[in-house]
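Data block below; observations after.
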Amino acid sequence: MKLLHIDSSILGGNSASRQLSREVVARWQARVPGLRVIYRDLAAEPLAHLSGASLAQTDPEETQRNAQTLEQFLAADVIVIGAPMYNFAIPSQLKAWIDRILVAGKTFRYTPSGAEGLAGGKRVIIAVARGGVYAADSPLEFAESYLRQVFAFVGVPDVTVVRAEGLALSPQQRNEALRQALESIAPPLEIAA
């Protein structure tokens, strides 16, 4: 079994989403013998933002890097994503990664009845961290809802969210939110058969 671990926070060791994603991965490693983990730190090694040259594949090095990114995603059985919420949305580094995995003919296709996802059979776990507190239907929340839509679009409706919110309200609230988020992933998440 292969697990792709993606982190996108720019906060390094101070990142709550990194702490949560690391713990999710550790619990999968403890439960799944021989689990192969591939780790990508999108803040330390960002992908270029999508451009006309990217789409035209005029740069062989970038084209190869994009193909490798897509292959890592397609080969993974489980994807764990550390996704902080910055200014109501995901980090631009994570968006650049998404632009490399949303590929017509590879992860989705257009049919007469609409788009059809081609990347099914995966499990996605998103470790969301945000400074404020947002209701599920909040018009200001574009991170978690966007990621759920992205993965549903490519045929992966099995998305679990581990959420720590209100982190900027106070040090006590930060500690409590992290404690609750960590507890929400214990016992370890079930493995899809």
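Please note that chains go A, B, ... in the order of the structure tokens, that every chain numbers its residues from 1, and that ligands are numbered from 1 in the order shown.
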Quick one: residues within 7 Å of range 142-149 of chain A, only C-alpha atoms, excluding same-chain residues fewer than 5 positions away - as a ChimeraX atom specification?
/A:85,88-90,159
Would you list the contacts of range 22-25 of chain A as a ChimeraX atom specification, taking every protein, DNA or RNA residue within 10 Å and counting only C-alpha atoms, but skipping same-chain residues closer than 2 positions in sequence?
/A:3-7,16-20,27-31,35,37,78-82,125-127,162,182,185-186,188-189
Might you pull out every residue within 10 Å of Ala53 in chain A, with only C-alpha atoms counted and same-chain residues fewer than 5 positions away left off, and present them as a list in words?
Thr58, Asp59, Glu62 and Thr63 of chain A
Where does DSSP see alpha helix (DSSP H) in range 86-139 of chain A, if you list the residues as a PyMOL selection string?
chain A and resi 92-101
Surrounding residues of Val154 in chain A excluding itself and chain neighbours under 6 positions, 6 Å, only C-alpha atoms, as a VMD selection string:
chain A and resid 107 to 108 117 to 119
Near-Tyr134 in chain A list (10 Å; only C-alpha atoms; drop same-chain fewer than 5 positions) as a list in words:
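Answer for this query is Phe88, Pro139, Leu140, Glu141, Glu165 and Gly166 of chain A.
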Written selection (all heavy atoms) as a compact mmCIF listing (two decimals), in the first residue's frame:
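Produced file again.txt, reproduced below:
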```txt
# COMPACT_ATOMS: atom_id res chain seq x y z
N PHE A 88 -8.97 32.61 3.85
CA PHE A 88 -10.20 31.91 3.46
C PHE A 88 -10.00 30.76 2.49
O PHE A 88 -10.97 30.13 2.08
CB PHE A 88 -11.27 32.87 2.90
CG PHE A 88 -11.50 34.07 3.75
CD1 PHE A 88 -11.13 35.33 3.32
CD2 PHE A 88 -12.07 33.94 5.01
CE1 PHE A 88 -11.33 36.45 4.12
CE2 PHE A 88 -12.26 35.05 5.83
CZ PHE A 88 -11.89 36.30 5.38
N PRO A 139 -20.10 31.15 4.26
CA PRO A 139 -19.70 31.69 2.95
C PRO A 139 -18.23 32.13 2.93
O PRO A 139 -17.72 32.49 1.88
CB PRO A 139 -20.64 32.88 2.77
CG PRO A 139 -21.03 33.28 4.14
CD PRO A 139 -21.04 32.02 4.96
N LEU A 140 -17.55 32.08 4.07
CA LEU A 140 -16.14 32.50 4.14
C LEU A 140 -15.17 31.31 4.12
O LEU A 140 -13.97 31.53 4.17
CB LEU A 140 -15.90 33.32 5.40
CG LEU A 140 -16.68 34.61 5.50
CD1 LEU A 140 -16.42 35.30 6.84
CD2 LEU A 140 -16.33 35.54 4.35
N GLU A 141 -15.67 30.11 4.06
CA GLU A 141 -14.82 28.92 4.12
C GLU A 141 -14.65 28.35 2.71
O GLU A 141 -15.57 27.77 2.16
CB GLU A 141 -15.43 27.88 5.06
CG GLU A 141 -14.49 26.77 5.46
CD GLU A 141 -14.17 25.79 4.34
OE1 GLU A 141 -15.10 25.29 3.70
OE2 GLU A 141 -12.98 25.56 4.11
N GLU A 165 -9.48 24.22 14.56
CA GLU A 165 -9.85 25.59 14.21
C GLU A 165 -9.91 26.47 15.45
O GLU A 165 -9.88 25.98 16.57
CB GLU A 165 -11.17 25.62 13.45
CG GLU A 165 -12.35 25.04 14.14
CD GLU A 165 -13.60 25.06 13.25
OE1 GLU A 165 -13.59 25.71 12.19
OE2 GLU A 165 -14.58 24.44 13.64
N GLY A 166 -9.95 27.77 15.20
CA GLY A 166 -9.90 28.74 16.29
C GLY A 166 -8.49 28.88 16.85
O GLY A 166 -8.31 29.34 17.97
```
If you run DSSP on the backbone here, which positions in chain A get strand (DSSP E or B)? Please write them as JSON, numbers by chain.
{"A": [2, 3, 4, 5, 6, 7, 36, 37, 38, 39, 40, 41, 78, 79, 80, 81, 82, 83, 84, 86, 89, 104, 108, 109, 110, 111, 114, 115, 116, 117, 123, 124, 125, 126, 127, 128, 129, 130, 159, 160, 161, 162, 163, 164, 165]}
Nearest to Phe73 in chain A by atom-to-atom distance, counting only C-alpha atoms, from A:Pro46, A:Gly132, A:Gly121, A:Gly52
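Checking each of A:Pro46, A:Gly132, A:Gly121, A:Gly52 against Phe73 in chain A, counting only C-alpha atoms, the winner is A:Gly121.
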Of the candidates A:Ala136, A:Arg179, A:Gly131, A:Gly120, which shows the shortest atom-to-atom distance to Ala152 in chain A, using only C-alpha atoms?
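Using only C-alpha atoms, Ala152 in chain A sits closest to A:Gly120.
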Using only C-alpha atoms, find the one residue out of A:Arg100, A:Ser8, A:Lys106, A:Tyr86 that sits nearest to Leu55 in chain A.
A:Arg100
Shell around Leu70 in chain A at 8 Å using only C-alpha atoms, local window under 4 positions removed, as a list in words:
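Listing them by chain and then by number gives Asn66, Leu74, Arg100 and Ile101 of chain A.
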How would the residues just chosen look if you wrote them out with all heavy atoms as a PDB file, in the first residue's frame?
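For reference, result08.pdb as written:
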```pdb
ATOM      1  N   ASN A  66       6.007  17.702 -13.580  1.00  0.00           N
ATOM      2  CA  ASN A  66       4.549  17.620 -13.557  1.00  0.00           C
ATOM      3  C   ASN A  66       4.074  16.182 -13.719  1.00  0.00           C
ATOM      4  O   ASN A  66       3.142  15.745 -13.035  1.00  0.00           O
ATOM      5  CB  ASN A  66       3.947  18.501 -14.649  1.00  0.00           C
ATOM      6  CG  ASN A  66       4.181  19.978 -14.395  1.00  0.00           C
ATOM      7  OD1 ASN A  66       4.561  20.380 -13.304  1.00  0.00           O
ATOM      8  ND2 ASN A  66       3.975  20.775 -15.412  1.00  0.00           N
ATOM      9  N   LEU A  74      -1.526   9.302  -8.736  1.00  0.00           N
ATOM     10  CA  LEU A  74      -2.228   8.140  -9.281  1.00  0.00           C
ATOM     11  C   LEU A  74      -1.799   6.835  -8.616  1.00  0.00           C
ATOM     12  O   LEU A  74      -2.620   5.929  -8.455  1.00  0.00           O
ATOM     13  CB  LEU A  74      -2.005   8.064 -10.795  1.00  0.00           C
ATOM     14  CG  LEU A  74      -2.691   9.159 -11.615  1.00  0.00           C
ATOM     15  CD1 LEU A  74      -2.250   9.083 -13.068  1.00  0.00           C
ATOM     16  CD2 LEU A  74      -4.194   9.071 -11.488  1.00  0.00           C
ATOM     17  N   ARG A 100      -1.631  20.204 -11.061  1.00  0.00           N
ATOM     18  CA  ARG A 100      -0.878  19.116 -11.705  1.00  0.00           C
ATOM     19  C   ARG A 100      -1.606  17.780 -11.647  1.00  0.00           C
ATOM     20  O   ARG A 100      -1.283  16.862 -12.382  1.00  0.00           O
ATOM     21  CB  ARG A 100       0.499  18.942 -11.067  1.00  0.00           C
ATOM     22  CG  ARG A 100       1.483  20.096 -11.227  1.00  0.00           C
ATOM     23  CD  ARG A 100       1.231  20.924 -12.466  1.00  0.00           C
ATOM     24  NE  ARG A 100       2.261  21.877 -12.779  1.00  0.00           N
ATOM     25  CZ  ARG A 100       2.264  23.142 -12.383  1.00  0.00           C
ATOM     26  NH1 ARG A 100       1.319  23.621 -11.593  1.00  0.00           N
ATOM     27  NH2 ARG A 100       3.231  23.961 -12.788  1.00  0.00           N
ATOM     28  N   ILE A 101      -2.595  17.658 -10.753  1.00  0.00           N
ATOM     29  CA  ILE A 101      -3.319  16.381 -10.664  1.00  0.00           C
ATOM     30  C   ILE A 101      -4.692  16.435 -11.320  1.00  0.00           C
ATOM     31  O   ILE A 101      -5.293  15.389 -11.545  1.00  0.00           O
ATOM     32  CB  ILE A 101      -3.438  15.861  -9.212  1.00  0.00           C
ATOM     33  CG1 ILE A 101      -4.329  16.764  -8.362  1.00  0.00           C
ATOM     34  CG2 ILE A 101      -2.052  15.682  -8.594  1.00  0.00           C
ATOM     35  CD1 ILE A 101      -4.805  16.120  -7.085  1.00  0.00           C
TER      36      ILE A 101
END
```
Between CA of Phe151 in chain A and CA of Leu50 in chain A, what is the spacing in Å?
18.9 Å
From A:Ala115, A:Val128, A:Ala43, A:Leu169, residue lying nearest Trp97 in chain A [only C-alpha atoms]
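Ranking A:Ala115, A:Val128, A:Ala43, A:Leu169 by distance to Trp97 in chain A, first place goes to A:Ala43.
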